[in-house]
Amino acid sequence: MYDVAQIRADFPILSRQVNGKPLVYLDNGASAQKPRVVIDAITRAYAEEYSNVHRGLHYLSNLATEKYEGVRGTIARFLGAADEEEIVMNSGTTEGINTVAYGWAMPRMQAGDEIILSVMEHHANIVPWHFLRERQGVVLKWVDVDSTGALDPQAVIDAITPRTKLIAITHLSNVLGTVVDVKAICAAARDKGVAVLVDGSQAAVHMPVDVADIGCDFYAITGHKLYGPSGSGAIYIRRERMDEMIPFMGGGDMIREVHKDEVTWNDPPMKFEAGTPGIVQQIGLGVALDYMMGLGMENIAAHEAKLRNYTRSKLDGLNWLQVQGTTPDKAAIFSFTLDGAAHAHDISTILDKKGVAVRAGQHCTGPLMDHLGLNATCRASFGLYNTEAEVDTLVEALELAHELFA
């Protein structure tokens, strides 16, 4: 049984007040709160177990190494990867995508080669490809969404030409909540010899992910959205793609030997993990993923689907509220504007006075905002601990905002 009251008790911050009101935290799309088990694991790691990893021969170093490396297997299980050596640990999705851009795409793409993107992409899955456009003449091809925010996978597939080398696509839009059929895209792309990178920053939080079933070449996740620490994350890289890659950054751990005239690289995945890693952050991420898997990703998805349906029914009753993204199977993410002159930042400020935390702005999706003809939206994004009562509080706060701006 999914006991949301018990789950909420696991998150200390949810018991606090903001502006004299109980906190209603609906900014999970930006960053999620942390359960006590993660906080305790981080504290213990620093207070009792801390040391650098991999090369030490003393007790604490061995202990830290064992815990840190154990997370690689946890991430592999969480993503359905066949081999934990296909998991590169890093600071998050942005580093993961840049690793692919510099380590795989840059050495093999020439002027006129193409990368296909959807208009929904987060800047983290846009800017690295602009580097290749500016520096190497790579062509970026954009695929639009329809009026509901849905992305037709066939439109992505139809955009493939003989010059297409990569499709870089979100699994779930951080603004619209749209779930993309990345499996269909990957199957068609593989038949055409095109690699696919999937930005899983949002999807991995809300639904079960199986990279083997999806068939992607790269799948990036970020820890702070997965109820883990900031500065943690990973990217799945299919073994064949790893063999095609050169290192992105140079430094400790990614080398085997260094001489004045020669350097030899370590084996993957260490080949792509330069420098002292985020040891404690990754340990915290492993605990967070265990926590989520303990609840059951299917159970989390079912709870959030119920929240989505309830929220949709409530927001549909506000005829002065415009919701962006209306696909039936979307995630529990609602971006909206109010009729009239109210700016998203003003709306967010009013909601905050009622203890309701939402995000306001472009959400790092400039091309999508241009496509929608908007300069900003408010976004309420739900997580595994949110409740229908919090939806009611959100609606009450929105009604107050509407009264003030009417």
# chains A, B, ... in the order shown; residues from 1 in each chain; ligands from 1
$ select_by_dssp --residues "region 312-374 of chain A" --states "strand (DSSP E)" --output "list in words"
Leu321, Gln322, Val323, Gln324, Ile333, Phe334, Ser335, Phe336, Thr337, Leu338, Val356, Ala357, Arg359, Ala360 and Gly361 of chain A
$ write_last_selection --atoms "C-alpha atoms" --output "short mmCIF file (atom, residue, chain, number, x, y, z; two decimals), in the first residue's frame"
data_model
loop_
_atom_site.label_atom_id
_atom_site.label_comp_id
_atom_site.auth_asym_id
_atom_site.auth_seq_id
_atom_site.Cartn_x
_atom_site.Cartn_y
_atom_site.Cartn_z
CA LEU A 321 -6.23 29.83 -16.30
CA GLN A 322 -4.39 28.65 -19.41
CA VAL A 323 -2.53 25.34 -19.02
CA GLN A 324 0.26 24.52 -21.47
CA ILE A 333 3.58 18.83 -14.33
CA PHE A 334 1.37 21.86 -14.99
CA SER A 335 2.65 25.05 -16.57
CA PHE A 336 0.14 27.85 -16.74
CA THR A 337 -0.59 31.52 -17.21
CA LEU A 338 -3.47 33.68 -16.01
CA VAL A 356 2.91 27.26 -2.12
CA ALA A 357 6.28 26.87 -3.85
CA ARG A 359 8.62 27.83 -10.37
CA ALA A 360 8.21 30.90 -12.59
CA GLY A 361 10.10 31.79 -15.74
#
$ residues_around --residues "region 31-43 of chain A" --least-positions-apart "5" --cutoff "7 Å" --atoms "only C-alpha atoms" --output "PyMOL selection string"
chain A and resi 10-12+224-228+280+284+287-288
$ residues_around --residues "Gly149 (chain A)" --least-positions-apart "3" --cutoff "12 Å" --atoms "only C-alpha atoms" --output "PyMOL selection string"
chain A and resi 118-120+143-146+152+172-180+323-330+334-335+368-369+371-372
$ write_last_selection --atoms "C-alpha atoms" --output "mmCIF file, in the first residue's frame"
data_model
loop_
_atom_site.group_PDB
_atom_site.id
_atom_site.type_symbol
_atom_site.label_atom_id
_atom_site.label_comp_id
_atom_site.auth_asym_id
_atom_site.auth_seq_id
_atom_site.Cartn_x
_atom_site.Cartn_y
_atom_site.Cartn_z
ATOM 1 C CA SER A 118 12.582 18.638 -30.288
ATOM 2 C CA VAL A 119 11.422 22.146 -29.530
ATOM 3 C CA MET A 120 10.764 20.986 -25.935
ATOM 4 C CA VAL A 143 10.790 19.085 -34.567
ATOM 5 C CA ASP A 144 7.719 20.901 -33.206
ATOM 6 C CA VAL A 145 5.002 19.680 -30.866
ATOM 7 C CA ASP A 146 1.303 19.902 -31.717
ATOM 8 C CA ASP A 152 4.720 12.665 -32.822
ATOM 9 C CA LEU A 172 9.565 13.891 -20.564
ATOM 10 C CA SER A 173 9.114 17.644 -20.967
ATOM 11 C CA ASN A 174 9.883 19.676 -17.863
ATOM 12 C CA VAL A 175 7.327 22.294 -18.964
ATOM 13 C CA LEU A 176 4.489 20.447 -20.685
ATOM 14 C CA GLY A 177 4.726 17.106 -18.890
ATOM 15 C CA THR A 178 4.632 15.417 -22.307
ATOM 16 C CA VAL A 179 5.933 11.848 -22.346
ATOM 17 C CA VAL A 180 7.839 11.096 -25.551
ATOM 18 C CA VAL A 323 -2.530 25.340 -19.021
ATOM 19 C CA GLN A 324 0.255 24.523 -21.471
ATOM 20 C CA GLY A 325 0.363 20.846 -22.389
ATOM 21 C CA THR A 326 -2.825 18.816 -22.335
ATOM 22 C CA THR A 327 -1.863 15.328 -23.484
ATOM 23 C CA PRO A 328 -3.887 12.710 -21.534
ATOM 24 C CA ASP A 329 -0.880 10.680 -20.378
ATOM 25 C CA LYS A 330 1.290 13.627 -19.367
ATOM 26 C CA PHE A 334 1.373 21.855 -14.991
ATOM 27 C CA SER A 335 2.655 25.050 -16.573
ATOM 28 C CA LEU A 368 9.620 26.094 -26.435
ATOM 29 C CA MET A 369 8.597 29.479 -25.043
ATOM 30 C CA HIS A 371 7.010 28.211 -30.000
ATOM 31 C CA LEU A 372 4.225 28.844 -27.473
#
$ closest_residue --among "A:Ser381, A:Asn52, A:Gln202, A:Asn309" --to "Ala220 (chain A)" --atoms "only C-alpha atoms"
A:Gln202
$ closest_residue --among "A:Pro367, A:Glu396, A:Pro107, A:Glu95" --to "Trp142 (chain A)" --atoms "only C-alpha atoms"
A:Pro367
$ select_by_dssp --residues "region 163-248 of chain A" --states "alpha helix (DSSP H)" --output "MDAnalysis selection string"
chainID A and resid 182:191 203:206 211:214 239:244
$ write_last_selection --atoms "C-alpha atoms" --output "short mmCIF file (atom, residue, chain, number, x, y, z; two decimals), in the first residue's frame"
data_model
loop_
_atom_site.label_atom_id
_atom_site.label_comp_id
_atom_site.auth_asym_id
_atom_site.auth_seq_id
_atom_site.Cartn_x
_atom_site.Cartn_y
_atom_site.Cartn_z
CA VAL A 182 11.52 7.37 -27.19
CA LYS A 183 11.36 3.62 -27.75
CA ALA A 184 9.78 4.07 -31.18
CA ILE A 185 12.31 6.76 -32.05
CA CYS A 186 15.24 4.58 -30.95
CA ALA A 187 14.04 1.57 -32.94
CA ALA A 188 13.78 3.58 -36.16
CA ALA A 189 17.03 5.42 -35.53
CA ARG A 190 18.94 2.20 -34.97
CA ASP A 191 17.68 0.83 -38.30
CA ALA A 203 11.22 10.91 -16.75
CA ALA A 204 13.38 8.88 -14.39
CA VAL A 205 11.68 10.58 -11.44
CA HIS A 206 8.13 9.81 -12.47
CA VAL A 211 17.22 1.54 -21.11
CA ALA A 212 17.53 -1.95 -22.57
CA ASP A 213 13.87 -1.89 -23.54
CA ILE A 214 14.07 1.70 -24.82
CA ARG A 239 29.05 -0.36 -24.58
CA GLU A 240 29.50 0.04 -28.33
CA ARG A 241 29.25 3.82 -28.01
CA MET A 242 31.74 3.86 -25.15
CA ASP A 243 34.26 2.17 -27.40
CA GLU A 244 33.80 5.00 -29.92
#
$ atom_distance --atom1 "CA of Ser230 (chain A)" --atom2 "CA of Gly56 (chain A)"
25.7 Å
$ atom_distance --atom1 "CA of Ala111 (chain A)" --atom2 "CA of Val139 (chain A)"
7.5 Å
$ residues_around --residues "region 342-344 of chain A" --least-positions-apart "3" --cutoff "6 Å" --atoms "only C-alpha atoms" --output "list in words"
Ile347, Ala360, Thr377 and Cys378 of chain A
$ write_last_selection --atoms "N, CA and C atoms" --output "PDB file, in the first residue's frame"
ATOM      1  N   ILE A 347       2.577  36.034 -10.028  1.00  0.00           N
ATOM      2  CA  ILE A 347       1.723  34.929  -9.581  1.00  0.00           C
ATOM      3  C   ILE A 347       2.469  34.055  -8.580  1.00  0.00           C
ATOM      4  N   ALA A 360       8.687  29.930 -11.608  1.00  0.00           N
ATOM      5  CA  ALA A 360       8.214  30.903 -12.590  1.00  0.00           C
ATOM      6  C   ALA A 360       9.359  31.295 -13.498  1.00  0.00           C
ATOM      7  N   THR A 377       6.030  31.138 -17.807  1.00  0.00           N
ATOM      8  CA  THR A 377       4.861  30.492 -17.201  1.00  0.00           C
ATOM      9  C   THR A 377       5.156  30.222 -15.734  1.00  0.00           C
ATOM     10  N   CYS A 378       4.108  29.955 -14.984  1.00  0.00           N
ATOM     11  CA  CYS A 378       4.258  29.337 -13.666  1.00  0.00           C
ATOM     12  C   CYS A 378       4.180  27.828 -13.853  1.00  0.00           C
TER      13      CYS A 378
END
$ atom_distance --atom1 "CA of Thr93 (chain A)" --atom2 "CA of Gly231 (chain A)"
9.8 Å
$ closest_residue --among "A:Ala305, A:Ile169, A:Ile13, A:Met106" --to "Ala124 (chain A)" --atoms "only C-alpha atoms"
A:Ile169
$ closest_residue --among "A:Asn299, A:Gln154, A:Thr170, A:Ser15" --to "Ser201 (chain A)" --atoms "only C-alpha atoms"
A:Thr170
$ residues_around --residues "Thr311 (chain A)" --least-positions-apart "5" --cutoff "9 Å" --atoms "only C-alpha atoms" --output "PyMOL selection string"
chain A and resi 306+316+332+334+388+391-392+395
$ residues_around --residues "Val18 (chain A)" --least-positions-apart "2" --cutoff "8 Å" --atoms "only C-alpha atoms" --output "PyMOL selection string"
chain A and resi 16+20-23+352-355
$ write_last_selection --atoms "C-alpha atoms" --output "mmCIF file, in the first residue's frame"
data_model
loop_
_atom_site.group_PDB
_atom_site.id
_atom_site.type_symbol
_atom_site.label_atom_id
_atom_site.label_comp_id
_atom_site.auth_asym_id
_atom_site.auth_seq_id
_atom_site.Cartn_x
_atom_site.Cartn_y
_atom_site.Cartn_z
ATOM 1 C CA ARG A 16 7.923 23.313 8.192
ATOM 2 C CA GLY A 20 3.141 31.248 8.407
ATOM 3 C CA LYS A 21 1.548 28.585 6.215
ATOM 4 C CA PRO A 22 2.287 24.864 5.879
ATOM 5 C CA LEU A 23 4.787 24.339 3.068
ATOM 6 C CA ASP A 352 4.448 31.844 -2.004
ATOM 7 C CA LYS A 353 2.581 34.023 0.494
ATOM 8 C CA LYS A 354 0.233 31.059 0.893
ATOM 9 C CA GLY A 355 3.158 28.675 1.406
#
$ residues_around --residues "Pro269 (chain A)" --least-positions-apart "4" --cutoff "9 Å" --atoms "only C-alpha atoms" --output "MDAnalysis selection string"
chainID A and resid 84:89 237 242 254 273
$ closest_residue --among "A:Ala195, A:Val71, A:Leu117, A:Ile300" --to "Asn386 (chain A)" --atoms "only C-alpha atoms"
A:Ile300
$ closest_residue --among "A:Asp83, A:Asp210, A:Glu304, A:Glu399" --to "Arg238 (chain A)" --atoms "only C-alpha atoms"
A:Asp83
$ decode --residues "region 224-274 of chain A" --atoms "N, CA and C atoms" --output "CSV table (one decimal), in the first residue's frame"
chain,number,residue,atom,x,y,z
A,224,HIS,N,19.7,15.4,-8.1
A,224,HIS,CA,18.9,16.3,-7.2
A,224,HIS,C,17.4,16.3,-7.5
A,225,LYS,N,17.0,15.8,-8.7
A,225,LYS,CA,15.6,15.6,-9.0
A,225,LYS,C,15.1,14.3,-8.5
A,226,LEU,N,16.0,13.4,-8.3
A,226,LEU,CA,15.7,12.0,-7.8
A,226,LEU,C,15.7,11.9,-6.3
A,227,TYR,N,15.4,13.0,-5.6
A,227,TYR,CA,15.4,13.0,-4.1
A,227,TYR,C,16.8,12.7,-3.5
A,228,GLY,N,17.9,12.9,-4.4
A,228,GLY,CA,19.2,12.8,-3.9
A,228,GLY,C,19.9,14.1,-3.9
A,229,PRO,N,21.2,14.1,-3.6
A,229,PRO,CA,22.0,15.4,-3.4
A,229,PRO,C,22.2,16.1,-4.8
A,230,SER,N,22.4,17.4,-4.7
A,230,SER,CA,22.8,18.1,-5.9
A,230,SER,C,24.3,17.7,-6.1
A,231,GLY,N,24.7,17.9,-7.4
A,231,GLY,CA,26.1,17.5,-7.7
A,231,GLY,C,26.2,16.0,-7.9
A,232,SER,N,25.1,15.3,-8.0
A,232,SER,CA,25.2,13.8,-8.3
A,232,SER,C,24.4,13.5,-9.6
A,233,GLY,N,24.8,12.4,-10.2
A,233,GLY,CA,24.1,12.0,-11.4
A,233,GLY,C,24.8,10.9,-12.1
A,234,ALA,N,24.4,10.6,-13.3
A,234,ALA,CA,25.0,9.5,-14.1
A,234,ALA,C,24.5,9.6,-15.6
A,235,ILE,N,25.2,8.9,-16.4
A,235,ILE,CA,24.7,8.7,-17.8
A,235,ILE,C,25.0,7.3,-18.2
A,236,TYR,N,24.0,6.6,-18.7
A,236,TYR,CA,24.1,5.3,-19.3
A,236,TYR,C,24.7,5.5,-20.7
A,237,ILE,N,25.7,4.7,-21.0
A,237,ILE,CA,26.3,4.7,-22.4
A,237,ILE,C,26.4,3.3,-22.8
A,238,ARG,N,25.8,3.0,-23.9
A,238,ARG,CA,25.8,1.7,-24.5
A,238,ARG,C,27.3,1.3,-24.8
A,239,ARG,N,27.7,0.1,-24.5
A,239,ARG,CA,29.1,-0.4,-24.6
A,239,ARG,C,29.7,0.0,-25.9
A,240,GLU,N,28.9,-0.2,-27.0
A,240,GLU,CA,29.5,0.0,-28.3
A,240,GLU,C,29.8,1.5,-28.5
A,241,ARG,N,29.0,2.4,-27.9
A,241,ARG,CA,29.3,3.8,-28.0
A,241,ARG,C,30.4,4.2,-27.1
A,242,MET,N,30.6,3.6,-26.0
A,242,MET,CA,31.7,3.9,-25.1
A,242,MET,C,33.0,3.6,-25.9
A,243,ASP,N,33.0,2.5,-26.7
A,243,ASP,CA,34.3,2.2,-27.4
A,243,ASP,C,34.6,3.2,-28.5
A,244,GLU,N,33.6,4.0,-28.9
A,244,GLU,CA,33.8,5.0,-29.9
A,244,GLU,C,34.2,6.4,-29.4
A,245,MET,N,34.2,6.5,-28.0
A,245,MET,CA,34.4,7.8,-27.4
A,245,MET,C,35.8,8.1,-27.0
A,246,ILE,N,36.1,9.4,-27.0
A,246,ILE,CA,37.4,9.8,-26.4
A,246,ILE,C,37.1,10.5,-25.1
A,247,PRO,N,38.0,10.6,-24.2
A,247,PRO,CA,37.8,11.3,-22.9
A,247,PRO,C,37.3,12.8,-23.1
A,248,PHE,N,36.5,13.2,-22.2
A,248,PHE,CA,36.0,14.6,-22.2
A,248,PHE,C,36.9,15.4,-21.4
A,249,MET,N,37.2,15.0,-20.2
A,249,MET,CA,38.1,15.7,-19.3
A,249,MET,C,39.3,14.8,-18.9
A,250,GLY,N,40.4,15.5,-18.6
A,250,GLY,CA,41.6,14.7,-18.2
A,250,GLY,C,42.0,15.0,-16.7
A,251,GLY,N,42.5,14.0,-16.1
A,251,GLY,CA,42.8,14.1,-14.7
A,251,GLY,C,42.9,12.7,-14.0
A,252,GLY,N,42.9,12.7,-12.7
A,252,GLY,CA,43.0,11.5,-12.0
A,252,GLY,C,41.9,10.5,-12.3
A,253,ASP,N,42.1,9.3,-12.1
A,253,ASP,CA,41.1,8.2,-12.2
A,253,ASP,C,40.9,7.8,-13.7
A,254,MET,N,40.9,8.8,-14.6
A,254,MET,CA,40.6,8.4,-16.0
A,254,MET,C,41.9,8.0,-16.7
A,255,ILE,N,43.0,7.9,-16.0
A,255,ILE,CA,44.3,7.5,-16.7
A,255,ILE,C,44.8,6.2,-16.1
A,256,ARG,N,45.5,5.5,-16.9
A,256,ARG,CA,46.2,4.3,-16.4
A,256,ARG,C,47.7,4.6,-16.0
A,257,GLU,N,48.4,5.3,-17.0
A,257,GLU,CA,49.7,5.7,-16.8
A,257,GLU,C,50.0,7.1,-17.4
A,258,VAL,N,50.8,7.9,-16.8
A,258,VAL,CA,51.2,9.2,-17.3
A,258,VAL,C,52.7,9.3,-17.4
A,259,HIS,N,53.3,9.6,-18.5
A,259,HIS,CA,54.7,9.8,-18.7
A,259,HIS,C,54.9,11.1,-19.4
A,260,LYS,N,56.1,11.5,-19.5
A,260,LYS,CA,56.4,12.8,-20.2
A,260,LYS,C,55.9,12.8,-21.6
A,261,ASP,N,56.0,11.7,-22.3
A,261,ASP,CA,55.7,11.6,-23.7
A,261,ASP,C,54.5,10.8,-24.1
A,262,GLU,N,53.8,10.3,-23.0
A,262,GLU,CA,52.7,9.3,-23.3
A,262,GLU,C,51.7,9.3,-22.2
A,263,VAL,N,50.5,9.2,-22.5
A,263,VAL,CA,49.4,8.9,-21.5
A,263,VAL,C,48.6,7.8,-22.0
A,264,THR,N,48.2,6.8,-21.1
A,264,THR,CA,47.3,5.7,-21.5
A,264,THR,C,46.1,5.9,-20.6
A,265,TRP,N,44.9,5.7,-21.3
A,265,TRP,CA,43.7,5.9,-20.6
A,265,TRP,C,43.3,4.6,-19.8
A,266,ASN,N,42.5,4.9,-18.8
A,266,ASN,CA,41.9,3.8,-18.0
A,266,ASN,C,40.7,3.2,-18.9
A,267,ASP,N,40.3,2.0,-18.4
A,267,ASP,CA,39.1,1.4,-19.1
A,267,ASP,C,37.8,2.1,-18.8
A,268,PRO,N,36.8,2.1,-19.7
A,268,PRO,CA,35.5,2.6,-19.4
A,268,PRO,C,34.9,1.8,-18.2
A,269,PRO,N,34.1,2.4,-17.3
A,269,PRO,CA,33.7,3.8,-17.4
A,269,PRO,C,34.6,4.8,-16.8
A,270,MET,N,35.7,4.3,-16.1
A,270,MET,CA,36.6,5.2,-15.4
A,270,MET,C,37.3,6.2,-16.4
A,271,LYS,N,37.4,5.8,-17.6
A,271,LYS,CA,38.0,6.6,-18.7
A,271,LYS,C,37.3,8.0,-18.8
A,272,PHE,N,36.0,8.0,-18.3
A,272,PHE,CA,35.2,9.2,-18.5
A,272,PHE,C,34.9,9.9,-17.1
A,273,GLU,N,35.7,9.5,-16.1
A,273,GLU,CA,35.4,10.1,-14.8
A,273,GLU,C,36.7,10.7,-14.2
A,274,ALA,N,37.0,11.9,-14.7
A,274,ALA,CA,38.3,12.5,-14.3
A,274,ALA,C,38.2,13.2,-12.9
